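File shown here: protein_32.txt, holding compact mmCIF, C-alpha atoms.
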# COMPACT_ATOMS: atom_id res chain seq x y z
CA MET D 1 45.08 -19.37 -53.54
CA LYS D 2 46.09 -15.84 -52.68
CA ASP D 3 43.26 -14.11 -50.86
CA VAL D 4 44.39 -10.54 -50.27
CA ILE D 5 45.65 -7.82 -52.54
CA LEU D 6 47.66 -5.05 -50.89
CA LYS D 7 48.59 -1.79 -52.56
CA GLU D 8 50.59 1.08 -51.10
CA GLN D 9 50.97 4.41 -52.72
CA ILE D 10 52.17 7.84 -51.65
CA PHE D 11 50.35 10.90 -52.94
CA ASN D 12 51.86 14.40 -52.90
CA HIS D 13 48.66 15.78 -51.47
CA SER D 14 47.15 16.46 -48.08
CA ILE D 15 45.45 13.65 -46.24
CA ASP D 16 42.10 15.49 -46.29
CA LYS D 17 42.24 15.93 -50.02
CA VAL D 18 42.92 12.23 -50.59
CA TRP D 19 40.22 11.34 -48.06
CA ARG D 20 37.64 13.41 -49.95
CA ALA D 21 38.67 11.80 -53.23
CA ILE D 22 38.00 8.30 -51.92
CA SER D 23 34.91 9.03 -49.82
CA LYS D 24 32.83 11.65 -51.64
CA GLU D 25 30.34 10.45 -54.23
CA GLU D 26 31.06 13.12 -56.83
CA GLU D 27 34.82 12.68 -56.54
CA ILE D 28 34.65 8.86 -56.68
CA SER D 29 32.47 9.25 -59.78
CA THR D 30 35.13 11.41 -61.41
CA TRP D 31 38.28 9.36 -61.05
CA PHE D 32 37.00 5.86 -60.27
CA ILE D 33 33.50 4.57 -61.03
CA LYS D 34 30.15 6.33 -61.31
CA ALA D 35 28.86 5.95 -57.79
CA ASP D 36 25.87 6.18 -55.51
CA PHE D 37 27.88 6.43 -52.33
CA LYS D 38 27.86 7.92 -48.85
CA ALA D 39 30.70 7.47 -46.39
CA GLU D 40 28.32 6.46 -43.61
CA LYS D 41 28.37 3.18 -41.76
CA GLY D 42 25.53 0.97 -43.03
CA TYR D 43 25.05 2.83 -46.33
CA ARG D 44 24.38 0.45 -49.21
CA TYR D 45 26.29 1.85 -52.14
CA THR D 46 26.31 1.04 -55.85
CA PHE D 47 29.14 1.46 -58.33
CA PHE D 48 27.99 1.52 -61.95
CA SER D 49 30.66 0.21 -64.28
CA GLU D 50 31.16 1.82 -67.66
CA GLY D 51 28.58 1.29 -70.35
CA GLU D 52 24.89 0.85 -69.86
CA ASN D 53 23.70 -2.49 -68.53
CA CYS D 54 27.18 -3.48 -67.52
CA THR D 55 27.81 -5.27 -64.30
CA GLN D 56 27.49 -3.29 -61.10
CA ILE D 57 29.32 -3.49 -57.84
CA THR D 58 27.30 -3.17 -54.65
CA GLY D 59 28.10 -3.37 -50.98
CA GLU D 60 27.72 -1.91 -47.53
CA VAL D 61 29.90 0.66 -45.84
CA LYS D 62 31.32 -0.98 -42.72
CA GLU D 63 33.49 1.82 -41.42
CA ALA D 64 33.96 5.41 -42.50
CA ASN D 65 36.01 7.42 -40.05
CA PRO D 66 38.79 9.64 -41.24
CA TYR D 67 41.05 8.10 -42.35
CA THR D 68 39.77 4.56 -42.67
CA LEU D 69 37.09 3.49 -45.14
CA ILE D 70 35.89 -0.10 -45.34
CA TYR D 71 33.14 -1.49 -47.55
CA THR D 72 32.04 -4.84 -48.83
CA TRP D 73 32.38 -5.40 -52.58
CA VAL D 74 29.93 -7.71 -54.33
CA VAL D 75 29.87 -8.15 -58.11
CA GLN D 76 26.32 -8.21 -59.46
CA ASN D 77 24.85 -11.70 -59.84
CA THR D 78 27.52 -13.34 -57.75
CA ASP D 79 27.34 -14.39 -54.09
CA THR D 80 30.93 -13.78 -53.12
CA ILE D 81 31.41 -10.98 -50.62
CA THR D 82 34.85 -9.42 -50.71
CA THR D 83 36.06 -6.46 -48.65
CA VAL D 84 37.87 -3.30 -49.67
CA LYS D 85 39.70 -1.24 -47.07
CA TRP D 86 41.29 2.15 -47.63
CA SER D 87 43.57 3.57 -44.91
CA LEU D 88 45.39 6.87 -45.07
CA GLU D 89 48.40 7.98 -43.09
CA GLU D 90 50.12 11.34 -43.05
CA VAL D 91 53.82 11.08 -43.84
CA GLY D 92 55.74 14.36 -43.84
CA GLY D 93 53.06 16.43 -45.53
CA LYS D 94 52.31 13.66 -48.01
CA THR D 95 49.71 10.94 -47.76
CA LYS D 96 50.35 7.23 -47.74
CA LEU D 97 47.49 5.05 -48.88
CA TYR D 98 47.12 1.41 -47.93
CA LEU D 99 44.54 -0.42 -50.01
CA GLU D 100 43.49 -3.93 -49.09
CA HIS D 101 41.08 -6.10 -51.07
CA SER D 102 40.38 -9.36 -49.24
CA GLY D 103 38.20 -12.44 -49.67
CA ILE D 104 39.10 -12.95 -53.31
CA SER D 105 39.65 -16.69 -52.96
CA GLY D 106 35.89 -16.94 -52.39
CA TYR D 107 35.28 -16.50 -56.12
CA GLY D 108 34.33 -19.92 -57.42
CA GLY D 109 34.77 -21.30 -60.89
CA ASP D 110 31.24 -20.33 -61.89
CA THR D 111 31.63 -16.70 -60.93
CA ALA D 112 32.89 -15.62 -64.33
CA VAL D 113 29.95 -17.27 -66.05
CA ASN D 114 27.44 -15.79 -63.60
CA MET D 115 29.00 -12.41 -64.02
CA PHE D 116 28.74 -12.60 -67.78
CA ASN D 117 25.15 -13.82 -67.49
CA SER D 118 24.31 -10.38 -66.17
CA PHE D 119 25.59 -8.67 -69.30
CA ASP D 120 22.44 -8.62 -71.39
CA GLY D 121 23.19 -5.42 -73.26
CA GLY D 122 26.07 -3.16 -73.99
CA TRP D 123 28.16 -6.25 -74.22
CA ASP D 124 30.85 -4.97 -76.53
CA ASN D 125 31.59 -2.07 -74.25
CA CYS D 126 31.76 -4.37 -71.23
CA VAL D 127 34.00 -6.77 -73.07
CA ALA D 128 36.30 -3.96 -74.09
CA GLU D 129 36.70 -2.87 -70.46
CA LEU D 130 37.13 -6.40 -69.19
CA THR D 131 39.53 -7.52 -71.85
CA LYS D 132 41.67 -4.47 -71.22
CA PHE D 133 42.30 -5.79 -67.71
CA LEU D 134 42.46 -9.42 -68.72
CA ASN D 135 44.87 -8.80 -71.57
CA ALA D 136 47.22 -6.93 -69.32
CA GLU D 137 47.04 -9.88 -66.97
CA VAL D 138 47.79 -12.39 -69.72
CA HIS D 139 50.79 -10.37 -70.85
CA ALA D 140 52.09 -9.98 -67.32
CA GLY D 141 51.66 -13.70 -66.67
CA MET Z 1 46.38 -14.54 -76.59
CA GLN Z 2 44.33 -11.33 -76.39
CA ASP Z 3 42.09 -12.49 -79.18
CA ARG Z 4 41.62 -15.79 -77.42
CA VAL Z 5 40.31 -14.19 -74.23
CA THR Z 6 38.06 -11.87 -76.22
CA GLY Z 7 36.84 -14.87 -78.22
CA ILE Z 8 35.93 -16.80 -75.08
CA LEU Z 9 34.11 -13.80 -73.64
CA LYS Z 10 32.17 -13.29 -76.85
CA ALA Z 11 31.36 -16.97 -77.15
CA ILE Z 12 29.72 -17.04 -73.73
CA ALA Z 13 28.11 -13.63 -74.18
CA ASP Z 14 25.29 -15.14 -76.23
CA PRO Z 15 22.47 -16.62 -74.11
CA THR Z 16 21.73 -19.48 -76.56
CA ARG Z 17 25.40 -20.49 -76.67
CA ARG Z 18 25.51 -20.44 -72.89
CA ASP Z 19 22.44 -22.70 -72.83
CA ILE Z 20 24.03 -25.10 -75.30
CA PHE Z 21 27.26 -25.09 -73.32
CA HIS Z 22 25.37 -25.70 -70.07
CA ALA Z 23 23.37 -28.52 -71.65
CA LEU Z 24 26.64 -30.18 -72.69
CA ILE Z 25 28.22 -29.64 -69.28
CA LEU Z 26 25.18 -31.22 -67.61
CA ALA Z 27 25.20 -34.14 -70.06
CA ALA Z 28 28.82 -34.81 -69.01
CA THR Z 29 29.18 -36.93 -72.12
CA ALA Z 30 29.44 -36.40 -75.87
CA LEU Z 31 26.07 -35.71 -77.50
CA PRO Z 32 25.11 -35.90 -81.18
CA ILE Z 33 24.29 -32.51 -82.72
CA THR Z 34 20.80 -33.75 -83.66
CA HIS Z 35 20.16 -34.58 -80.01
CA ILE Z 36 21.25 -31.09 -78.94
CA SER Z 37 19.25 -29.26 -81.59
CA ASN Z 38 16.08 -31.13 -80.52
CA GLN Z 39 16.38 -29.38 -77.14
CA PHE Z 40 16.32 -25.91 -78.69
CA GLU Z 41 13.67 -24.05 -80.57
CA ILE Z 42 16.06 -22.72 -83.17
CA SER Z 43 16.99 -24.50 -86.41
CA ARG Z 44 19.56 -27.26 -86.53
CA GLN Z 45 21.69 -24.95 -88.68
CA GLY Z 46 21.49 -22.31 -85.98
CA VAL Z 47 22.56 -24.75 -83.29
CA THR Z 48 25.40 -26.02 -85.48
CA LYS Z 49 26.62 -22.44 -85.99
CA HIS Z 50 26.62 -21.78 -82.25
CA ILE Z 51 28.46 -25.02 -81.60
CA LYS Z 52 31.04 -24.03 -84.21
CA THR Z 53 31.62 -20.74 -82.36
CA LEU Z 54 32.05 -22.63 -79.09
CA GLU Z 55 34.44 -25.05 -80.80
CA GLU Z 56 36.59 -22.21 -82.13
CA VAL Z 57 37.42 -21.08 -78.60
CA GLY Z 58 37.84 -24.62 -77.29
CA LEU Z 59 34.69 -24.75 -75.17
CA VAL Z 60 33.33 -27.63 -77.25
CA GLU Z 61 35.07 -30.54 -78.89
CA ILE Z 62 33.53 -32.15 -81.95
CA GLU Z 63 34.18 -35.71 -83.04
CA SER Z 64 32.70 -37.42 -86.08
CA LYS Z 65 31.45 -40.99 -85.70
CA GLY Z 66 29.93 -42.35 -88.86
CA ARG Z 67 27.41 -39.82 -90.16
CA GLU Z 68 26.85 -38.15 -86.82
CA ARG Z 69 28.94 -35.53 -85.11
CA TYR Z 70 29.30 -35.71 -81.33
CA CYS Z 71 29.91 -32.67 -79.15
CA LYS Z 72 31.49 -32.53 -75.73
CA ALA Z 73 31.93 -29.55 -73.41
CA ASN Z 74 35.36 -28.49 -72.19
CA ALA Z 75 35.34 -25.92 -69.39
CA ASN Z 76 39.11 -25.45 -69.26
CA PRO Z 77 39.21 -22.27 -71.39
CA LEU Z 78 37.07 -20.59 -68.74
CA LYS Z 79 40.02 -20.76 -66.37
CA GLN Z 80 41.66 -18.11 -68.50
CA ILE Z 81 39.00 -15.63 -67.56
CA ASN Z 82 38.95 -16.68 -63.94
CA HIS Z 83 42.21 -15.25 -62.69
CA TRP Z 84 40.55 -12.94 -60.24
CA VAL Z 85 43.64 -12.06 -58.27
CA SER Z 86 45.47 -10.88 -61.37
CA PHE Z 87 42.34 -9.19 -62.55
CA TYR Z 88 42.01 -7.11 -59.38
CA GLU Z 89 45.76 -6.45 -59.13
CA LYS Z 90 45.54 -4.72 -62.48
CA PHE Z 91 42.19 -3.16 -61.65
CA TRP Z 92 43.54 -1.47 -58.48
CA ASP Z 93 46.80 -0.42 -60.15
CA ASP Z 94 44.75 1.34 -62.81
CA ALA Z 95 42.42 2.85 -60.21
CA LEU Z 96 45.26 4.24 -58.09
CA GLY Z 97 46.91 5.62 -61.23
CA SER Z 98 43.68 7.45 -62.01
CA LEU Z 99 43.43 8.72 -58.42
CA ASP Z 100 46.96 10.10 -58.63
CA SER Z 101 46.23 11.95 -61.91
CA TYR Z 102 42.96 13.23 -60.50
CA LEU Z 103 44.61 14.67 -57.37
CA ASP Z 104 47.38 16.28 -59.41
CA ALA Z 105 44.90 17.85 -61.82
CA LYS Z 106 42.82 19.22 -58.97
CA SER Z 107 45.57 21.17 -57.22

What would you get if you wrote out this structure as structure tokens?
Amino acid sequence: MKDVILKEQIFNHSIDKVWRAISKEEEISTWFIKADFKAEKGYRYTFFSEGENCTQITGEVKEANPYTLIYTWVVQNTDTITTVKWSLEEVGGKTKLYLEHSGISGYGGDTAVNMFNSFDGGWDNCVAELTKFLNAEVHAG
Amino acid sequence: MQDRVTGILKAIADPTRRDIFHALILAATALPITHISNQFEISRQGVTKHIKTLEEVGLVEIESKGRERYCKANANPLKQINHWVSFYEKFWDDALGSLDSYLDAKS
């Protein structure tokens, strides 16, 4: 099973601006997920997914030096530790982002069930978010 | 296909249905509905309704033998919601799309 997802994208913005967007709590909360986050090694962060009582993502910041940010990524009520790495590179005034999400093959067959066990409330909202991703996947596959 | 995934998610969203499904998985064999409903504090009608919901998404198979109906768990539909690689591929594509829009809007 494939274990690593790699994404590359070029942004027409300065490297410092992109770095702030991916490492500052208030910026992460704006474009990505509501976050309790500090780009400091050892900080235990929490990402709160949309909707109350929905599943959270937690993890520990492993490295946070411009322009590399690494943190572990653990879905609430599961044991699998995956790792997310963001690296930025300046390319002719633009910024190239390399995103790597590794350890995904560690998700066992029960993970989905465990994950859904954590959804005690706000289920419809959670389902809507999840199915949006899953549907896109089904159509692509 | 979309409805199917949503149906599976909704079927396992209910704690009692999860318990029934788990009981059937653990039994590893077909069980009569009466036998299952004895394990739960809700009415037999309630259990039957939950089992029907599980059957609709393929998580339970029901077979009639004489006057009794036997239920068996089938975990295969869960595979559909277990494509984590595809899930995260899409997740990160969406996230980077949002990041791009955010950066553009901010300048």

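With only C-alpha atoms as the atoms that count, the residue of D:Arg44, D:Val91, D:Asp79, D:Glu63 with the shortest distance to Ile104 of chain D is D:Asp79.
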
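For the atom pair formed by atom CA of Glu68 of chain Z and atom CA of Arg18 of chain Z, the distance is 22.6 Å, given to one decimal.
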
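Take atom CA of Tyr43 of chain D and atom CA of Val61 of chain D: the distance between them is 5.3 Å.
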
Could you list as a PyMOL selection string every residue that has an atom within 7 Å of (48.8, 13.4, -45.2), using the file's coordinates and counting all atoms listed in the file?
chain D and resi 13-15+89-91+93-96

Rank nothing, just name the residue among Z:Arg17, Z:Thr29, Z:Gly97, Z:Leu59 nearest to Ile42 of chain Z, using all atoms listed in the file.
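Among Z:Arg17, Z:Thr29, Z:Gly97, Z:Leu59, it is Z:Arg17 that comes nearest to Ile42 of chain Z.
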
Choose the residue, out of D:Ala21, D:Leu69, D:Ile33, D:Leu97, that has the smallest atom-to-atom separation from Lys7 of chain D; count all atoms listed in the file.
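Closest to Lys7 of chain D of all the choices is D:Leu97.
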
Tell me which of Z:Ala105, Z:Ile62, Z:Leu99, Z:Leu54 sits closest to Leu78 of chain Z, counting only C-alpha atoms.
Z:Leu54

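Picture a line from atom CA of Asn74 of chain Z to atom CA of Glu55 of chain Z; it runs 9.3 Å.
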
Which polymer residues, whether protein, DNA or RNA, lie within 10 Å of the coordinate (15.7, -26.8, -73.9) when you count all atoms listed in the file? List them as a PyMOL selection string, using the chain letters and numbers from the file.
chain Z and resi 16+19-20+23+36-41

Restricting the calculation to all atoms listed in the file, which member of D:Ala64, D:Gln56, D:Ile28, D:Trp73 is positioned closest to Glu40 of chain D?
D:Ala64

Using the atoms already present, construct N, CA and C atoms for segment 31-55 of chain Z and hand them back as a PDB file, in the frame of the given file.
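Result went into out.pdb, see below:
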ATOM      1  N   LEU Z  31      27.426 -35.603 -76.975  1.00  0.00           N
ATOM      2  CA  LEU Z  31      26.070 -35.710 -77.500  1.00  0.00           C
ATOM      3  C   LEU Z  31      26.064 -35.443 -79.003  1.00  0.00           C
ATOM      4  N   PRO Z  32      25.227 -36.186 -79.754  1.00  0.00           N
ATOM      5  CA  PRO Z  32      25.110 -35.900 -81.180  1.00  0.00           C
ATOM      6  C   PRO Z  32      24.455 -34.538 -81.404  1.00  0.00           C
ATOM      7  N   ILE Z  33      24.852 -33.839 -82.462  1.00  0.00           N
ATOM      8  CA  ILE Z  33      24.290 -32.510 -82.720  1.00  0.00           C
ATOM      9  C   ILE Z  33      22.762 -32.574 -82.871  1.00  0.00           C
ATOM     10  N   THR Z  34      22.261 -33.621 -83.503  1.00  0.00           N
ATOM     11  CA  THR Z  34      20.800 -33.750 -83.660  1.00  0.00           C
ATOM     12  C   THR Z  34      20.110 -33.769 -82.296  1.00  0.00           C
ATOM     13  N   HIS Z  35      20.707 -34.473 -81.363  1.00  0.00           N
ATOM     14  CA  HIS Z  35      20.160 -34.580 -80.010  1.00  0.00           C
ATOM     15  C   HIS Z  35      20.113 -33.201 -79.345  1.00  0.00           C
ATOM     16  N   ILE Z  36      21.190 -32.431 -79.545  1.00  0.00           N
ATOM     17  CA  ILE Z  36      21.250 -31.090 -78.940  1.00  0.00           C
ATOM     18  C   ILE Z  36      20.213 -30.174 -79.584  1.00  0.00           C
ATOM     19  N   SER Z  37      20.151 -30.217 -80.922  1.00  0.00           N
ATOM     20  CA  SER Z  37      19.250 -29.260 -81.590  1.00  0.00           C
ATOM     21  C   SER Z  37      17.784 -29.560 -81.268  1.00  0.00           C
ATOM     22  N   ASN Z  38      17.460 -30.815 -80.918  1.00  0.00           N
ATOM     23  CA  ASN Z  38      16.080 -31.130 -80.520  1.00  0.00           C
ATOM     24  C   ASN Z  38      15.676 -30.399 -79.237  1.00  0.00           C
ATOM     25  N   GLN Z  39      16.682 -30.050 -78.414  1.00  0.00           N
ATOM     26  CA  GLN Z  39      16.380 -29.380 -77.140  1.00  0.00           C
ATOM     27  C   GLN Z  39      16.141 -27.881 -77.313  1.00  0.00           C
ATOM     28  N   PHE Z  40      16.440 -27.352 -78.507  1.00  0.00           N
ATOM     29  CA  PHE Z  40      16.320 -25.910 -78.690  1.00  0.00           C
ATOM     30  C   PHE Z  40      15.310 -25.581 -79.777  1.00  0.00           C
ATOM     31  N   GLU Z  41      14.721 -24.403 -79.624  1.00  0.00           N
ATOM     32  CA  GLU Z  41      13.670 -24.050 -80.570  1.00  0.00           C
ATOM     33  C   GLU Z  41      14.196 -23.406 -81.847  1.00  0.00           C
ATOM     34  N   ILE Z  42      15.499 -23.276 -81.934  1.00  0.00           N
ATOM     35  CA  ILE Z  42      16.060 -22.720 -83.170  1.00  0.00           C
ATOM     36  C   ILE Z  42      16.420 -23.857 -84.125  1.00  0.00           C
ATOM     37  N   SER Z  43      16.728 -23.487 -85.378  1.00  0.00           N
ATOM     38  CA  SER Z  43      16.990 -24.500 -86.410  1.00  0.00           C
ATOM     39  C   SER Z  43      18.268 -25.283 -86.085  1.00  0.00           C
ATOM     40  N   ARG Z  44      18.361 -26.450 -86.694  1.00  0.00           N
ATOM     41  CA  ARG Z  44      19.560 -27.260 -86.530  1.00  0.00           C
ATOM     42  C   ARG Z  44      20.783 -26.503 -87.042  1.00  0.00           C
ATOM     43  N   GLN Z  45      20.588 -25.760 -88.137  1.00  0.00           N
ATOM     44  CA  GLN Z  45      21.690 -24.950 -88.680  1.00  0.00           C
ATOM     45  C   GLN Z  45      22.153 -23.922 -87.662  1.00  0.00           C
ATOM     46  N   GLY Z  46      21.176 -23.317 -86.991  1.00  0.00           N
ATOM     47  CA  GLY Z  46      21.490 -22.310 -85.980  1.00  0.00           C
ATOM     48  C   GLY Z  46      22.296 -22.910 -84.841  1.00  0.00           C
ATOM     49  N   VAL Z  47      21.852 -24.067 -84.368  1.00  0.00           N
ATOM     50  CA  VAL Z  47      22.560 -24.750 -83.290  1.00  0.00           C
ATOM     51  C   VAL Z  47      23.981 -25.115 -83.743  1.00  0.00           C
ATOM     52  N   THR Z  48      24.089 -25.620 -84.952  1.00  0.00           N
ATOM     53  CA  THR Z  48      25.400 -26.020 -85.480  1.00  0.00           C
ATOM     54  C   THR Z  48      26.347 -24.817 -85.530  1.00  0.00           C
ATOM     55  N   LYS Z  49      25.805 -23.657 -85.913  1.00  0.00           N
ATOM     56  CA  LYS Z  49      26.620 -22.440 -85.990  1.00  0.00           C
ATOM     57  C   LYS Z  49      27.124 -22.033 -84.599  1.00  0.00           C
ATOM     58  N   HIS Z  50      26.215 -22.104 -83.627  1.00  0.00           N
ATOM     59  CA  HIS Z  50      26.620 -21.780 -82.250  1.00  0.00           C
ATOM     60  C   HIS Z  50      27.690 -22.744 -81.746  1.00  0.00           C
ATOM     61  N   ILE Z  51      27.498 -24.015 -82.052  1.00  0.00           N
ATOM     62  CA  ILE Z  51      28.460 -25.020 -81.600  1.00  0.00           C
ATOM     63  C   ILE Z  51      29.826 -24.769 -82.248  1.00  0.00           C
ATOM     64  N   LYS Z  52      29.789 -24.354 -83.497  1.00  0.00           N
ATOM     65  CA  LYS Z  52      31.040 -24.030 -84.210  1.00  0.00           C
ATOM     66  C   LYS Z  52      31.777 -22.886 -83.485  1.00  0.00           C
ATOM     67  N   THR Z  53      31.023 -21.866 -83.090  1.00  0.00           N
ATOM     68  CA  THR Z  53      31.620 -20.740 -82.360  1.00  0.00           C
ATOM     69  C   THR Z  53      32.248 -21.223 -81.050  1.00  0.00           C
ATOM     70  N   LEU Z  54      31.531 -22.096 -80.353  1.00  0.00           N
ATOM     71  CA  LEU Z  54      32.050 -22.630 -79.090  1.00  0.00           C
ATOM     72  C   LEU Z  54      33.302 -23.479 -79.345  1.00  0.00           C
ATOM     73  N   GLU Z  55      33.289 -24.198 -80.465  1.00  0.00           N
ATOM     74  CA  GLU Z  55      34.440 -25.050 -80.800  1.00  0.00           C
ATOM     75  C   GLU Z  55      35.676 -24.193 -81.087  1.00  0.00           C
TER      76      GLU Z  55
END
